[in-house]
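Visitor: Dumping the structure here so I can ask a few things about it.
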Amino acid sequence: MGTFTFANWAGPAIPVHYYRPATVTATTPVLLVFHGTSRTAGSYRDAWVDAATAGHYIVLAPEFSEQDFPESLAYQEGHVLDAAGQLRPREQWSFAAIEPLFDAVRTATGTQVSRYAMYGHSGGAQFVHRFLMLMPEARYSRAIAANAGWYTLPQMSRAYPVGLGATPVTRDDLAAALRKRLIILLGTEDTDPNDPTLPTSSVAMEQGPNRLERGRYFFARAQEAAADQSVSLVWRIEYVQGVGHDNRGMVAAAKDLVWN
């Protein structure tokens, strides 16, 4: 385990907390893990070490610091928009760091896998599900969004970050995203409407009073979008019984889903 700095992209340098098995081969898988609003990427990496040791895969947990990626705008929402609500250059989106990071790790370690898996919890789940819809060329094999506080809806009629309008995403891009593998992972006890970290904007409240209901709302809107596009929805919703807003509790379930 350790940390390195990744700077080979158009945005700020990013510390990356990693775990790699003692032996890395051409087929060693890669998992990217995204922290919540706590910005504690090291602890998010640590939560996966036992599973990664058993499964012989690399874990990368990039740290999007509050200093370099302030507030939801620059991290959870991918820094797609500036503070005035204007579209930023795509190569400067926070999302744009992920593909070159994957390539850098392949070069450094020797793994030659063509795709990576993704897992995010809470604020990290916000990052993951938006990445899936806004980066249609991304080479992930499966994405897991666990206990997101609120969601960007798969709708072209509403402007980002509420929907996908006023972004480069097209209807064809959305259709392609709906056919990719996303698991919306929800803790059945993540139901506290007074959780101090729960987003309470009018847009978030429109999606439900708690994270469990908001995840269900998002999935229902995805079903509607797939029907509108006449595509088969590959996304699915899974529940973790008895777990609230707890990353380690969600990882215990996600470790058996992320490669299957």
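Identifiers in the structure tokens: chain A, B, ... in order shown; residue index from 1 per chain; ligand index from 1 in order shown.
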Quick one: residues within 10 Å of Gly11 in chain A, only C-alpha atoms, excluding same-chain residues fewer than 4 positions away - as a list of chain:residue names?

Guide: A:Ala7, A:Asp68, A:Phe69, A:Glu91, A:Gln92, A:Trp93, A:Ser94, A:Ala96, A:Ala97

Visitor: Generate a file of the selected residues that holds N, CA and C atoms, formatted as a short mmCIF file (atom, residue, chain, number, x, y, z; two decimals), in the first residue's frame.

Guide:
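Once written, part.cif looks like this:
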data_model
loop_
_atom_site.label_atom_id
_atom_site.label_comp_id
_atom_site.auth_asym_id
_atom_site.auth_seq_id
_atom_site.Cartn_x
_atom_site.Cartn_y
_atom_site.Cartn_z
N ALA A 7 -0.36 13.51 -12.09
CA ALA A 7 -0.45 14.88 -12.62
C ALA A 7 -0.58 14.92 -14.13
N ASP A 68 -8.44 21.67 -3.87
CA ASP A 68 -8.34 21.67 -5.33
C ASP A 68 -9.65 21.38 -6.04
N PHE A 69 -10.58 20.73 -5.34
CA PHE A 69 -11.88 20.38 -5.92
C PHE A 69 -12.98 20.77 -4.94
N GLU A 91 -11.64 18.55 -21.09
CA GLU A 91 -10.40 17.97 -20.58
C GLU A 91 -10.09 18.46 -19.16
N GLN A 92 -10.81 19.49 -18.68
CA GLN A 92 -10.60 19.99 -17.33
C GLN A 92 -11.66 19.49 -16.34
N TRP A 93 -12.63 18.74 -16.81
CA TRP A 93 -13.59 18.14 -15.88
C TRP A 93 -12.84 17.23 -14.91
N SER A 94 -13.31 17.12 -13.69
CA SER A 94 -12.73 16.15 -12.76
C SER A 94 -12.84 14.73 -13.30
N ALA A 96 -12.32 13.84 -16.19
CA ALA A 96 -11.31 13.62 -17.23
C ALA A 96 -10.01 13.06 -16.68
N ALA A 97 -9.84 13.04 -15.36
CA ALA A 97 -8.61 12.48 -14.78
C ALA A 97 -8.58 10.96 -14.81
#

Visitor: Pull the alpha helix (DSSP H) assignments for range 23-233 of chain A out of DSSP run on the backbone, and list those residues as an MDAnalysis selection string.

Guide: chainID A and resid 41:55 71:74 98:109 123:134 171:178 202:206 211:229

Visitor: For Val240 in chain A, which residue out of A:Thr188, A:Gln112, A:Asn8, A:Ser201 is the nearest one, using only C-alpha atoms?

Guide: A:Thr188

Visitor: Which is closest to Glu63 in chain A among A:Thr5, A:Ser202, A:Gln86, A:Thr27, if we use only C-alpha atoms?

Guide: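 With only C-alpha atoms as the atom set, the closest residue is A:Thr5.
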
Visitor: Tell me which protein, DNA and RNA residues are within 6 Å of range 150-153 of chain A, counting only C-alpha atoms, leaving out same-chain ones fewer than 6 positions away, and put them as a list in words.

Guide: Pro161, Val162, Gly163 and Ala204 of chain A

Visitor: Give the answer as one residue: which of A:Ala117, A:Ala145, A:Ser230, A:Arg221 has the shortest atom-to-atom distance to Arg171 in chain A, using only C-alpha atoms?

Guide: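 Selected residue with least distance to Arg171 in chain A: A:Ser230.
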
Visitor: As a ChimeraX atom specification, please: every residue in range 162-203 of chain A that DSSP puts in strand (DSSP E).

Guide: /A:182-187

Visitor: Need the shell around Val243 in chain A: protein/DNA/RNA residues with any atom at most 8 Å away, counting only C-alpha atoms. Skip same-chain ones fewer than 5 positions apart. Format as a VMD selection string?

Guide: chain A and resid 187 to 190 249 to 250

Visitor: Wanna dump the range 6-64 of chain A-range 119-141 of chain A contacts at 12 Å for me, each residue with its shortest atom pair and the distance in Å to one decimal, counting only C-alpha atoms, ordered by chain and number, as a Markdown table?

Guide:
| residue | atom | partner | partner_atom | distance |
| --- | --- | --- | --- | --- |
| A:Pro29 | CA | A:Ser141 | CA | 10.4 |
| A:Val30 | CA | A:Tyr140 | CA | 9.7 |
| A:Leu31 | CA | A:Tyr119 | CA | 7.5 |
| A:Leu32 | CA | A:Tyr119 | CA | 6.3 |
| A:Val33 | CA | A:Tyr119 | CA | 4.9 |
| A:Phe34 | CA | A:Gly120 | CA | 4.5 |
| A:His35 | CA | A:Gly124 | CA | 4.8 |
| A:Gly36 | CA | A:Gly123 | CA | 4.0 |
| A:Thr37 | CA | A:Gly123 | CA | 5.3 |
| A:Ser38 | CA | A:Gly123 | CA | 8.5 |
| A:Arg39 | CA | A:Gly123 | CA | 9.0 |
| A:Thr40 | CA | A:Gly124 | CA | 10.8 |
| A:Ala41 | CA | A:Gly124 | CA | 10.0 |
| A:Tyr44 | CA | A:His121 | CA | 9.0 |
| A:Arg45 | CA | A:Tyr119 | CA | 10.8 |
| A:Ala47 | CA | A:His121 | CA | 11.5 |
| A:Trp48 | CA | A:Tyr119 | CA | 10.2 |
| A:Val59 | CA | A:Tyr119 | CA | 10.3 |
| A:Leu60 | CA | A:Tyr119 | CA | 10.3 |
| A:Ala61 | CA | A:Tyr119 | CA | 9.7 |
| A:Pro62 | CA | A:Gly124 | CA | 10.5 |
| A:Glu63 | CA | A:Gly124 | CA | 10.6 |
| A:Phe64 | CA | A:Gly124 | CA | 10.1 |

Visitor: Which residue is closest to Arg236 in chain A? Choose from A:Arg179, A:Lys255, A:Arg248, A:Arg211 and count only C-alpha atoms.

Guide: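 Checking each candidate against Arg236 in chain A, we get A:Arg179 as the closest.
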
Visitor: Which residues, written as a list in words, have at least one atom at most 9 Å from Leu164 in chain A, with only C-alpha atoms counted and residues fewer than 4 positions away on the same chain left out?

Guide: Met133, Leu134, Thr152, Leu153, Pro154, Gln155, Met156, Ser157, Arg158, Ala159, Tyr160, Pro168, Val169, Thr170 and Leu174 of chain A

Visitor: Selection from above, N, CA and C atoms, as a PDB file, in the first residue's frame, can you write it?

Guide:
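Output saved as again-v9.pdb:
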ATOM      1  N   MET A 133     -22.615   8.588 -17.176  1.00  0.00           N
ATOM      2  CA  MET A 133     -23.466   9.216 -18.184  1.00  0.00           C
ATOM      3  C   MET A 133     -22.737  10.278 -19.005  1.00  0.00           C
ATOM      4  N   LEU A 134     -21.727  10.931 -18.423  1.00  0.00           N
ATOM      5  CA  LEU A 134     -21.073  12.038 -19.116  1.00  0.00           C
ATOM      6  C   LEU A 134     -19.785  11.643 -19.826  1.00  0.00           C
ATOM      7  N   THR A 152     -28.109  12.947 -10.643  1.00  0.00           N
ATOM      8  CA  THR A 152     -28.399  13.579 -11.925  1.00  0.00           C
ATOM      9  C   THR A 152     -29.303  12.621 -12.695  1.00  0.00           C
ATOM     10  N   LEU A 153     -30.438  13.096 -13.133  1.00  0.00           N
ATOM     11  CA  LEU A 153     -31.416  12.219 -13.774  1.00  0.00           C
ATOM     12  C   LEU A 153     -31.073  11.990 -15.242  1.00  0.00           C
ATOM     13  N   PRO A 154     -31.359  10.805 -15.755  1.00  0.00           N
ATOM     14  CA  PRO A 154     -31.086  10.492 -17.168  1.00  0.00           C
ATOM     15  C   PRO A 154     -32.132  11.119 -18.079  1.00  0.00           C
ATOM     16  N   GLN A 155     -32.190  12.430 -18.050  1.00  0.00           N
ATOM     17  CA  GLN A 155     -33.181  13.196 -18.800  1.00  0.00           C
ATOM     18  C   GLN A 155     -32.484  14.323 -19.551  1.00  0.00           C
ATOM     19  N   MET A 156     -32.804  14.478 -20.821  1.00  0.00           N
ATOM     20  CA  MET A 156     -32.209  15.541 -21.624  1.00  0.00           C
ATOM     21  C   MET A 156     -32.954  16.862 -21.449  1.00  0.00           C
ATOM     22  N   SER A 157     -34.141  16.839 -20.864  1.00  0.00           N
ATOM     23  CA  SER A 157     -34.991  18.022 -20.784  1.00  0.00           C
ATOM     24  C   SER A 157     -34.617  18.954 -19.647  1.00  0.00           C
ATOM     25  N   ARG A 158     -33.769  18.507 -18.728  1.00  0.00           N
ATOM     26  CA  ARG A 158     -33.381  19.333 -17.588  1.00  0.00           C
ATOM     27  C   ARG A 158     -31.882  19.569 -17.613  1.00  0.00           C
ATOM     28  N   ALA A 159     -31.486  20.804 -17.313  1.00  0.00           N
ATOM     29  CA  ALA A 159     -30.076  21.181 -17.423  1.00  0.00           C
ATOM     30  C   ALA A 159     -29.250  20.528 -16.321  1.00  0.00           C
ATOM     31  N   TYR A 160     -27.993  20.261 -16.637  1.00  0.00           N
ATOM     32  CA  TYR A 160     -27.051  19.683 -15.685  1.00  0.00           C
ATOM     33  C   TYR A 160     -26.828  20.659 -14.513  1.00  0.00           C
ATOM     34  N   PRO A 168     -22.482  18.065 -23.464  1.00  0.00           N
ATOM     35  CA  PRO A 168     -22.245  17.415 -24.758  1.00  0.00           C
ATOM     36  C   PRO A 168     -22.946  16.065 -24.919  1.00  0.00           C
ATOM     37  N   VAL A 169     -23.590  15.561 -23.870  1.00  0.00           N
ATOM     38  CA  VAL A 169     -24.245  14.255 -23.947  1.00  0.00           C
ATOM     39  C   VAL A 169     -25.417  14.311 -24.928  1.00  0.00           C
ATOM     40  N   THR A 170     -25.473  13.332 -25.836  1.00  0.00           N
ATOM     41  CA  THR A 170     -26.563  13.227 -26.808  1.00  0.00           C
ATOM     42  C   THR A 170     -27.531  12.118 -26.388  1.00  0.00           C
ATOM     43  N   LEU A 174     -26.780   8.748 -24.124  1.00  0.00           N
ATOM     44  CA  LEU A 174     -27.595   8.288 -23.004  1.00  0.00           C
ATOM     45  C   LEU A 174     -28.061   6.861 -23.220  1.00  0.00           C
TER      46      LEU A 174
END

Visitor: For each of A:Thr167, A:Gln229, A:Asn147, A:Thr109, take the minimum atom-to-atom distance to Gly215 in chain A, counting only C-alpha atoms, then give the residue where this is smallest.

Guide: A:Asn147

Visitor: Distance CA of Arg142 in chain A-CA of Ala254 in chain A, one decimal place?

Guide: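 It comes out at 11.3 Å.
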
Visitor: With only C-alpha atoms as the atoms that count, which of A:Ile58, A:Leu182, A:Leu87, A:Ala104 lies nearest to Gly165 in chain A?

Guide: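 The closest residue to Gly165 in chain A is A:Leu87.
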
Visitor: How many Å lie between CA of His245 in chain A and CA of Met205 in chain A, rounded to one decimal?

Guide: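 CA of Met205 in chain A lies 17.5 Å from CA of His245 in chain A.
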